[in-house]
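**Student:** Got a file for you: coords.cif, mmCIF, N, CA and C atoms.
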data_target
loop_
_atom_site.group_PDB
_atom_site.id
_atom_site.type_symbol
_atom_site.label_atom_id
_atom_site.label_comp_id
_atom_site.auth_asym_id
_atom_site.auth_seq_id
_atom_site.Cartn_x
_atom_site.Cartn_y
_atom_site.Cartn_z
ATOM 1 N N MET A 1048 -8.750 15.711 21.830
ATOM 2 C CA MET A 1048 -9.656 15.290 20.783
ATOM 3 C C MET A 1048 -10.307 13.961 21.113
ATOM 4 N N GLY A 1049 -10.035 13.435 22.275
ATOM 5 C CA GLY A 1049 -10.707 12.220 22.703
ATOM 6 C C GLY A 1049 -10.179 10.961 22.054
ATOM 7 N N ASN A 1050 -8.913 10.954 21.653
ATOM 8 C CA ASN A 1050 -8.364 9.790 20.976
ATOM 9 C C ASN A 1050 -7.698 8.799 21.910
ATOM 10 N N GLY A 1051 -7.494 9.131 23.163
ATOM 11 C CA GLY A 1051 -6.890 8.197 24.092
ATOM 12 C C GLY A 1051 -5.395 8.401 24.242
ATOM 13 N N ASN A 1052 -4.747 7.377 24.797
ATOM 14 C CA ASN A 1052 -3.336 7.421 25.119
ATOM 15 C C ASN A 1052 -2.526 6.797 23.986
ATOM 16 N N TRP A 1053 -1.486 7.469 23.533
ATOM 17 C CA TRP A 1053 -0.653 6.968 22.446
ATOM 18 C C TRP A 1053 0.045 5.666 22.811
ATOM 19 N N ASP A 1054 0.362 5.475 24.094
ATOM 20 C CA ASP A 1054 1.133 4.302 24.511
ATOM 21 C C ASP A 1054 0.275 3.083 24.828
ATOM 22 N N ASP A 1055 -1.000 3.261 24.987
ATOM 23 C CA ASP A 1055 -1.889 2.159 25.338
ATOM 24 C C ASP A 1055 -2.140 1.293 24.097
ATOM 25 N N GLU A 1056 -1.852 -0.004 24.202
ATOM 26 C CA GLU A 1056 -1.997 -0.926 23.073
ATOM 27 C C GLU A 1056 -3.430 -0.944 22.541
ATOM 28 N N ARG A 1057 -4.402 -0.842 23.450
ATOM 29 C CA ARG A 1057 -5.797 -0.849 23.017
ATOM 30 C C ARG A 1057 -6.138 0.391 22.203
ATOM 31 N N ASP A 1058 -5.524 1.532 22.568
ATOM 32 C CA ASP A 1058 -5.803 2.771 21.850
ATOM 33 C C ASP A 1058 -5.001 2.875 20.559
ATOM 34 N N ALA A 1059 -3.938 2.121 20.427
ATOM 35 C CA ALA A 1059 -3.095 2.206 19.232
ATOM 36 C C ALA A 1059 -3.896 1.877 17.979
ATOM 37 N N LYS A 1060 -4.848 0.969 18.103
ATOM 38 C CA LYS A 1060 -5.669 0.606 16.954
ATOM 39 C C LYS A 1060 -6.589 1.751 16.552
ATOM 40 N N ARG A 1061 -6.961 2.576 17.521
ATOM 41 C CA ARG A 1061 -7.848 3.698 17.223
ATOM 42 C C ARG A 1061 -7.084 4.912 16.689
ATOM 43 N N LEU A 1062 -5.770 4.965 16.910
ATOM 44 C CA LEU A 1062 -4.979 6.126 16.515
ATOM 45 C C LEU A 1062 -4.334 5.895 15.152
ATOM 46 N N ASP A 1063 -5.136 5.559 14.178
ATOM 47 C CA ASP A 1063 -4.580 5.362 12.852
ATOM 48 C C ASP A 1063 -4.497 6.696 12.107
ATOM 49 N N PHE A 1064 -3.857 6.672 10.976
ATOM 50 C CA PHE A 1064 -3.617 7.889 10.208
ATOM 51 C C PHE A 1064 -4.917 8.598 9.838
ATOM 52 N N CYS A 1065 -5.914 7.847 9.415
ATOM 53 C CA CYS A 1065 -7.179 8.468 8.992
ATOM 54 C C CYS A 1065 -7.838 9.224 10.129
ATOM 55 N N ARG A 1066 -7.790 8.666 11.329
ATOM 56 C CA ARG A 1066 -8.400 9.327 12.481
ATOM 57 C C ARG A 1066 -7.680 10.645 12.767
ATOM 58 N N ILE A 1067 -6.345 10.600 12.766
ATOM 59 C CA ILE A 1067 -5.564 11.806 13.044
ATOM 60 C C ILE A 1067 -5.807 12.848 11.952
ATOM 61 N N GLU A 1068 -5.786 12.420 10.705
ATOM 62 C CA GLU A 1068 -6.008 13.350 9.601
ATOM 63 C C GLU A 1068 -7.399 13.978 9.689
ATOM 64 N N SER A 1069 -8.397 13.178 9.991
ATOM 65 C CA SER A 1069 -9.765 13.701 10.105
ATOM 66 C C SER A 1069 -9.865 14.758 11.185
ATOM 67 N N ASN A 1070 -9.205 14.527 12.311
ATOM 68 C CA ASN A 1070 -9.247 15.501 13.395
ATOM 69 C C ASN A 1070 -8.461 16.769 13.050
ATOM 70 N N LEU A 1071 -7.338 16.620 12.375
ATOM 71 C CA LEU A 1071 -6.576 17.800 11.975
ATOM 72 C C LEU A 1071 -7.345 18.648 10.968
ATOM 73 N N ASP A 1072 -8.120 17.998 10.105
ATOM 74 C CA ASP A 1072 -8.927 18.732 9.137
ATOM 75 C C ASP A 1072 -9.988 19.600 9.810
ATOM 76 N N LEU A 1073 -10.352 19.268 11.049
ATOM 77 C CA LEU A 1073 -11.360 20.044 11.772
ATOM 78 C C LEU A 1073 -10.814 21.363 12.317
ATOM 79 N N LEU A 1074 -9.482 21.480 12.393
ATOM 80 C CA LEU A 1074 -8.878 22.699 12.927
ATOM 81 C C LEU A 1074 -8.950 23.820 11.898
ATOM 82 N N SER A 1075 -9.264 25.013 12.371
ATOM 83 C CA SER A 1075 -9.328 26.162 11.473
ATOM 84 C C SER A 1075 -7.923 26.665 11.170
ATOM 85 N N PRO A 1076 -7.748 27.409 10.081
ATOM 86 C CA PRO A 1076 -6.433 27.980 9.773
ATOM 87 C C PRO A 1076 -5.909 28.876 10.901
ATOM 88 N N GLU A 1077 -6.808 29.579 11.584
ATOM 89 C CA GLU A 1077 -6.399 30.449 12.688
ATOM 90 C C GLU A 1077 -5.838 29.619 13.852
ATOM 91 N N THR A 1078 -6.499 28.500 14.156
ATOM 92 C CA THR A 1078 -6.035 27.630 15.231
ATOM 93 C C THR A 1078 -4.679 27.029 14.886
ATOM 94 N N LEU A 1079 -4.523 26.590 13.641
ATOM 95 C CA LEU A 1079 -3.235 26.044 13.214
ATOM 96 C C LEU A 1079 -2.137 27.098 13.303
ATOM 97 N N ALA A 1080 -2.451 28.348 12.975
ATOM 98 C CA ALA A 1080 -1.470 29.430 13.074
ATOM 99 C C ALA A 1080 -1.068 29.663 14.529
ATOM 100 N N GLU A 1081 -2.041 29.588 15.433
ATOM 101 C CA GLU A 1081 -1.730 29.745 16.856
ATOM 102 C C GLU A 1081 -0.860 28.595 17.368
ATOM 103 N N ILE A 1082 -1.186 27.378 16.972
ATOM 104 C CA ILE A 1082 -0.383 26.217 17.375
ATOM 105 C C ILE A 1082 1.048 26.380 16.847
ATOM 106 N N ASN A 1083 1.167 26.779 15.595
ATOM 107 C CA ASN A 1083 2.479 26.977 14.994
ATOM 108 C C ASN A 1083 3.258 28.065 15.725
ATOM 109 N N ALA A 1084 2.568 29.155 16.083
ATOM 110 C CA ALA A 1084 3.223 30.261 16.793
ATOM 111 C C ALA A 1084 3.712 29.831 18.174
ATOM 112 N N ALA A 1085 3.066 28.847 18.780
ATOM 113 C CA ALA A 1085 3.495 28.360 20.101
ATOM 114 C C ALA A 1085 4.610 27.317 19.989
ATOM 115 N N ILE A 1086 4.540 26.477 18.982
ATOM 116 C CA ILE A 1086 5.495 25.367 18.868
ATOM 117 C C ILE A 1086 6.849 25.820 18.328
ATOM 118 N N VAL A 1087 6.864 26.677 17.335
ATOM 119 C CA VAL A 1087 8.124 27.061 16.693
ATOM 120 C C VAL A 1087 9.092 27.733 17.670
ATOM 121 N N PRO A 1088 8.663 28.713 18.466
ATOM 122 C CA PRO A 1088 9.618 29.303 19.416
ATOM 123 C C PRO A 1088 10.155 28.282 20.432
ATOM 124 N N GLU A 1089 9.313 27.351 20.845
ATOM 125 C CA GLU A 1089 9.769 26.317 21.776
ATOM 126 C C GLU A 1089 10.814 25.426 21.114
ATOM 127 N N GLY A 1090 10.617 25.112 19.850
ATOM 128 C CA GLY A 1090 11.607 24.335 19.122
ATOM 129 C C GLY A 1090 12.928 25.077 19.010
ATOM 130 N N HIS A 1091 12.864 26.384 18.760
ATOM 131 C CA HIS A 1091 14.085 27.191 18.693
ATOM 132 C C HIS A 1091 14.782 27.244 20.050
ATOM 133 N N ARG A 1092 13.996 27.238 21.115
ATOM 134 C CA ARG A 1092 14.588 27.264 22.451
ATOM 135 C C ARG A 1092 15.291 25.942 22.751
ATOM 136 N N LEU A 1093 14.660 24.830 22.394
ATOM 137 C CA LEU A 1093 15.229 23.512 22.681
ATOM 138 C C LEU A 1093 16.441 23.195 21.792
ATOM 139 N N GLU A 1094 16.389 23.556 20.537
ATOM 140 C CA GLU A 1094 17.473 23.263 19.586
ATOM 141 C C GLU A 1094 17.802 24.522 18.793
ATOM 142 N N PRO A 1095 18.580 25.440 19.351
ATOM 143 C CA PRO A 1095 18.836 26.720 18.684
ATOM 144 C C PRO A 1095 19.523 26.578 17.316
ATOM 145 N N GLU A 1096 20.364 25.579 17.149
ATOM 146 C CA GLU A 1096 21.087 25.434 15.885
ATOM 147 C C GLU A 1096 20.282 24.690 14.812
ATOM 148 N N ALA A 1097 19.183 24.104 15.177
ATOM 149 C CA ALA A 1097 18.423 23.282 14.227
ATOM 150 C C ALA A 1097 17.969 24.088 13.016
ATOM 151 N N ALA A 1098 17.569 25.321 13.216
ATOM 152 C CA ALA A 1098 17.097 26.132 12.098
ATOM 153 C C ALA A 1098 18.209 26.425 11.102
ATOM 154 N N GLU A 1099 19.450 26.397 11.544
ATOM 155 C CA GLU A 1099 20.568 26.646 10.645
ATOM 156 C C GLU A 1099 20.933 25.404 9.841
ATOM 157 N N MET A 1100 20.569 24.226 10.346
ATOM 158 C CA MET A 1100 20.961 22.978 9.696
ATOM 159 C C MET A 1100 19.880 22.428 8.775
ATOM 160 N N VAL A 1101 18.626 22.699 9.028
ATOM 161 C CA VAL A 1101 17.544 22.069 8.285
ATOM 162 C C VAL A 1101 16.682 23.132 7.634
ATOM 163 N N ARG A 1102 16.479 22.966 6.348
ATOM 164 C CA ARG A 1102 15.570 23.822 5.609
ATOM 165 C C ARG A 1102 14.687 22.929 4.757
ATOM 166 N N ALA A 1103 13.429 23.248 4.684
ATOM 167 C CA ALA A 1103 12.510 22.474 3.851
ATOM 168 C C ALA A 1103 11.464 23.394 3.275
ATOM 169 N N ASP A 1104 11.071 23.092 2.075
ATOM 170 C CA ASP A 1104 10.011 23.840 1.427
ATOM 171 C C ASP A 1104 9.288 22.862 0.516
ATOM 172 N N THR A 1105 8.015 23.039 0.373
ATOM 173 C CA THR A 1105 7.266 22.129 -0.479
ATOM 174 C C THR A 1105 6.101 22.866 -1.102
ATOM 175 N N PHE A 1106 5.654 22.365 -2.217
ATOM 176 C CA PHE A 1106 4.502 22.924 -2.902
ATOM 177 C C PHE A 1106 3.781 21.767 -3.566
ATOM 178 N N ALA A 1107 2.508 21.712 -3.421
ATOM 179 C CA ALA A 1107 1.711 20.658 -4.047
ATOM 180 C C ALA A 1107 0.561 21.295 -4.804
ATOM 181 N N GLY A 1108 0.285 20.769 -5.946
ATOM 182 C CA GLY A 1108 -0.826 21.280 -6.737
ATOM 183 C C GLY A 1108 -1.554 20.125 -7.388
ATOM 184 N N GLU A 1109 -2.818 20.371 -7.687
ATOM 185 C CA GLU A 1109 -3.604 19.326 -8.333
ATOM 186 C C GLU A 1109 -3.227 19.236 -9.798
ATOM 187 N N THR A 1110 -3.202 18.021 -10.299
ATOM 188 C CA THR A 1110 -2.923 17.791 -11.708
ATOM 189 C C THR A 1110 -3.590 16.498 -12.137
ATOM 190 N N ASP A 1111 -3.836 16.389 -13.408
ATOM 191 C CA ASP A 1111 -4.363 15.135 -13.935
ATOM 192 C C ASP A 1111 -3.188 14.181 -14.122
ATOM 193 N N VAL A 1112 -3.318 12.983 -13.611
ATOM 194 C CA VAL A 1112 -2.265 11.988 -13.746
ATOM 195 C C VAL A 1112 -2.554 11.189 -15.008
ATOM 196 N N HIS A 1113 -1.560 11.089 -15.872
ATOM 197 C CA HIS A 1113 -1.705 10.334 -17.124
ATOM 198 C C HIS A 1113 -0.997 8.997 -16.968
ATOM 199 N N TYR A 1114 -1.785 7.958 -16.830
ATOM 200 C CA TYR A 1114 -1.210 6.620 -16.753
ATOM 201 C C TYR A 1114 -1.103 6.065 -18.172
ATOM 202 N N PRO A 1115 0.044 5.512 -18.536
ATOM 203 C CA PRO A 1115 0.159 4.992 -19.905
ATOM 204 C C PRO A 1115 -0.745 3.778 -20.102
ATOM 205 N N THR A 1116 -1.433 3.782 -21.215
ATOM 206 C CA THR A 1116 -2.258 2.635 -21.591
ATOM 207 C C THR A 1116 -1.571 1.924 -22.740
ATOM 208 N N ASP A 1117 -2.068 0.744 -23.082
ATOM 209 C CA ASP A 1117 -1.478 0.008 -24.194
ATOM 210 C C ASP A 1117 -1.498 0.835 -25.468
ATOM 211 N N SER A 1118 -2.615 1.503 -25.727
ATOM 212 C CA SER A 1118 -2.721 2.264 -26.969
ATOM 213 C C SER A 1118 -1.779 3.469 -26.971
ATOM 214 N N SER A 1119 -1.611 4.133 -25.833
ATOM 215 C CA SER A 1119 -0.702 5.283 -25.808
ATOM 216 C C SER A 1119 0.747 4.823 -25.947
ATOM 217 N N LEU A 1120 1.095 3.671 -25.362
ATOM 218 C CA LEU A 1120 2.453 3.144 -25.506
ATOM 219 C C LEU A 1120 2.738 2.745 -26.945
ATOM 220 N N ILE A 1121 1.737 2.177 -27.613
ATOM 221 C CA ILE A 1121 1.912 1.833 -29.033
ATOM 222 C C ILE A 1121 2.120 3.114 -29.835
ATOM 223 N N GLY A 1122 1.359 4.142 -29.523
ATOM 224 C CA GLY A 1122 1.521 5.430 -30.221
ATOM 225 C C GLY A 1122 2.912 6.002 -30.027
ATOM 226 N N TYR A 1123 3.432 5.952 -28.785
ATOM 227 C CA TYR A 1123 4.795 6.435 -28.522
ATOM 228 C C TYR A 1123 5.809 5.633 -29.349
ATOM 229 N N GLY A 1124 5.614 4.324 -29.379
ATOM 230 C CA GLY A 1124 6.524 3.461 -30.135
ATOM 231 C C GLY A 1124 6.497 3.759 -31.620
ATOM 232 N N VAL A 1125 5.311 3.947 -32.185
ATOM 233 C CA VAL A 1125 5.190 4.252 -33.616
ATOM 234 C C VAL A 1125 5.878 5.577 -33.934
ATOM 235 N N ARG A 1126 5.670 6.588 -33.089
ATOM 236 C CA ARG A 1126 6.332 7.884 -33.324
ATOM 237 C C ARG A 1126 7.849 7.746 -33.285
ATOM 238 N N LYS A 1127 8.364 6.962 -32.361
ATOM 239 C CA LYS A 1127 9.811 6.771 -32.253
ATOM 240 C C LYS A 1127 10.353 6.021 -33.467
ATOM 241 N N VAL A 1128 9.649 4.970 -33.898
ATOM 242 C CA VAL A 1128 10.091 4.208 -35.066
ATOM 243 C C VAL A 1128 10.078 5.093 -36.304
ATOM 244 N N LEU A 1129 9.057 5.923 -36.470
ATOM 245 C CA LEU A 1129 9.003 6.813 -37.630
ATOM 246 C C LEU A 1129 10.149 7.825 -37.605
ATOM 247 N N ALA A 1130 10.423 8.381 -36.423
ATOM 248 C CA ALA A 1130 11.537 9.333 -36.316
ATOM 249 C C ALA A 1130 12.859 8.664 -36.658
ATOM 250 N N LEU A 1131 13.060 7.447 -36.176
ATOM 251 C CA LEU A 1131 14.288 6.719 -36.495
ATOM 252 C C LEU A 1131 14.351 6.359 -37.978
ATOM 253 N N ALA A 1132 13.208 6.015 -38.580
ATOM 254 C CA ALA A 1132 13.175 5.679 -40.008
ATOM 255 C C ALA A 1132 13.563 6.884 -40.856
ATOM 256 N N VAL A 1133 13.088 8.061 -40.471
ATOM 257 C CA VAL A 1133 13.444 9.281 -41.196
ATOM 258 C C VAL A 1133 14.944 9.540 -41.073
ATOM 259 N N ALA A 1134 15.479 9.365 -39.862
ATOM 260 C CA ALA A 1134 16.923 9.574 -39.656
ATOM 261 C C ALA A 1134 17.741 8.570 -40.467
ATOM 262 N N LEU A 1135 17.326 7.311 -40.479
ATOM 263 C CA LEU A 1135 18.042 6.285 -41.243
ATOM 264 C C LEU A 1135 17.934 6.523 -42.743
ATOM 265 N N ALA A 1136 16.769 6.994 -43.198
ATOM 266 C CA ALA A 1136 16.584 7.239 -44.634
ATOM 267 C C ALA A 1136 17.559 8.292 -45.127
ATOM 268 N N GLY A 1137 17.908 9.243 -44.276
ATOM 269 C CA GLY A 1137 18.875 10.258 -44.673
ATOM 270 C C GLY A 1137 20.300 9.737 -44.697
ATOM 271 N N MET A 1138 20.560 8.604 -44.082
ATOM 272 C CA MET A 1138 21.916 8.054 -44.007
ATOM 273 C C MET A 1138 22.227 7.083 -45.151
ATOM 274 N N PHE A 1139 21.196 6.564 -45.811
ATOM 275 C CA PHE A 1139 21.397 5.547 -46.840
ATOM 276 C C PHE A 1139 20.731 5.968 -48.131
ATOM 277 N N ASP A 1140 21.162 5.358 -49.195
ATOM 278 C CA ASP A 1140 20.562 5.568 -50.512
ATOM 279 C C ASP A 1140 19.185 4.899 -50.524
ATOM 280 N N PRO A 1141 18.113 5.622 -50.917
ATOM 281 C CA PRO A 1141 16.765 5.030 -50.912
ATOM 282 C C PRO A 1141 16.644 3.774 -51.763
ATOM 283 N N GLU A 1142 17.352 3.728 -52.880
ATOM 284 C CA GLU A 1142 17.284 2.526 -53.715
ATOM 285 C C GLU A 1142 17.921 1.334 -53.008
ATOM 286 N N GLU A 1143 18.994 1.601 -52.262
ATOM 287 C CA GLU A 1143 19.657 0.530 -51.519
ATOM 288 C C GLU A 1143 18.752 0.008 -50.402
ATOM 289 N N LEU A 1144 18.007 0.928 -49.749
ATOM 290 C CA LEU A 1144 17.082 0.525 -48.684
ATOM 291 C C LEU A 1144 15.956 -0.360 -49.211
ATOM 292 N N ALA A 1145 15.592 -0.176 -50.475
ATOM 293 C CA ALA A 1145 14.477 -0.927 -51.049
ATOM 294 C C ALA A 1145 14.863 -2.360 -51.384
ATOM 295 N N ARG A 1146 16.156 -2.650 -51.465
ATOM 296 C CA ARG A 1146 16.592 -4.017 -51.820
ATOM 297 C C ARG A 1146 16.552 -4.932 -50.600
ATOM 298 N N GLU A 1147 16.003 -6.094 -50.788
ATOM 299 C CA GLU A 1147 15.890 -7.082 -49.711
ATOM 300 C C GLU A 1147 17.263 -7.539 -49.242
ATOM 301 N N ALA A 1148 18.220 -7.622 -50.138
ATOM 302 C CA ALA A 1148 19.568 -8.083 -49.787
ATOM 303 C C ALA A 1148 20.232 -7.130 -48.785
ATOM 304 N N PHE A 1149 19.940 -5.835 -48.888
ATOM 305 C CA PHE A 1149 20.512 -4.862 -47.947
ATOM 306 C C PHE A 1149 20.077 -5.193 -46.513
ATOM 307 N N TRP A 1150 18.784 -5.461 -46.351
ATOM 308 C CA TRP A 1150 18.257 -5.738 -45.000
ATOM 309 C C TRP A 1150 18.749 -7.081 -44.475
ATOM 310 N N ASP A 1151 18.870 -8.074 -45.353
ATOM 311 C CA ASP A 1151 19.396 -9.371 -44.910
ATOM 312 C C ASP A 1151 20.812 -9.211 -44.381
ATOM 313 N N THR A 1152 21.638 -8.460 -45.101
ATOM 314 C CA THR A 1152 23.018 -8.263 -44.683
ATOM 315 C C THR A 1152 23.091 -7.390 -43.428
ATOM 316 N N THR A 1153 22.315 -6.317 -43.410
ATOM 317 C CA THR A 1153 22.358 -5.372 -42.285
ATOM 318 C C THR A 1153 21.864 -6.029 -40.986
ATOM 319 N N LEU A 1154 20.760 -6.728 -41.050
ATOM 320 C CA LEU A 1154 20.189 -7.344 -39.855
ATOM 321 C C LEU A 1154 21.023 -8.531 -39.378
ATOM 322 N N THR A 1155 21.638 -9.239 -40.310
ATOM 323 C CA THR A 1155 22.469 -10.380 -39.927
ATOM 324 C C THR A 1155 23.730 -9.918 -39.216
ATOM 325 N N ASN A 1156 24.276 -8.799 -39.635
ATOM 326 C CA ASN A 1156 25.527 -8.282 -39.062
ATOM 327 C C ASN A 1156 25.287 -7.416 -37.825
ATOM 328 N N ALA A 1157 24.055 -7.180 -37.470
ATOM 329 C CA ALA A 1157 23.766 -6.287 -36.336
ATOM 330 C C ALA A 1157 24.056 -6.942 -35.012
#
Reformat the file's structure so that it appears as structure tokens.
**Tutor:**
Amino acid sequence: MGNGNWDDERDAKRLDFCRIESNLDLLSPETLAEINAAIVPEGHRLEPEAAEMVRADTFAGETDVHYPTDSSLIGYGVRKVLALAVALAGMFDPEELAREAFWDTTLTNA
């Protein structure tokens, strides 16, 4: 592919990931299948037990990435506080919850 020698310091700067990836993208699926068909049997010949020791499988798919924003984090927090408030309301007498003295005692002892 005209990229030079891997060991030459001058060529090392030219052999970056983007260059290699760009060149690999130029290969057709048929060419990649032929390369794979040549390399895999040679690997089995060199290391016959390797296939028994190593297994790998992967799958990648496109998805929308949701990064949390301040507003979405506030929304999550409000939902959690409301859920906890409902759970707490079932544990205590509503009239007792309405008294300020209850909260002073509860929060002080927490």
**Student:** What does the distance from atom CA of A:Asn1070 to atom CA of A:Ile1082 come to in Å, to one decimal?
**Tutor:**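 Going from atom CA of A:Asn1070 over to atom CA of A:Ile1082 covers 14.5 Å.
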**Student:** Using DSSP on the backbone, list every residue of stretch 1103-1150 of chain A that comes out as helix (DSSP H, G or I), and give them as an MDAnalysis selection string.
**Tutor:** chainID A and resid 1117:1138 1141:1145 1147:1150
**Student:** For the atom pair atom CA of A:Ala1136 and atom CA of A:Ser1118, what is the interatomic distance in Å to one decimal place?
**Tutor:**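 Computing it gives 26.6 Å between the two atoms.
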**Student:** Mind pulling up the distance from atom CA of A:Thr1152 to atom CA of A:Asp1140?
**Tutor:**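 Result for atom CA of A:Asp1140 versus atom CA of A:Thr1152: 15.2 Å, one decimal.
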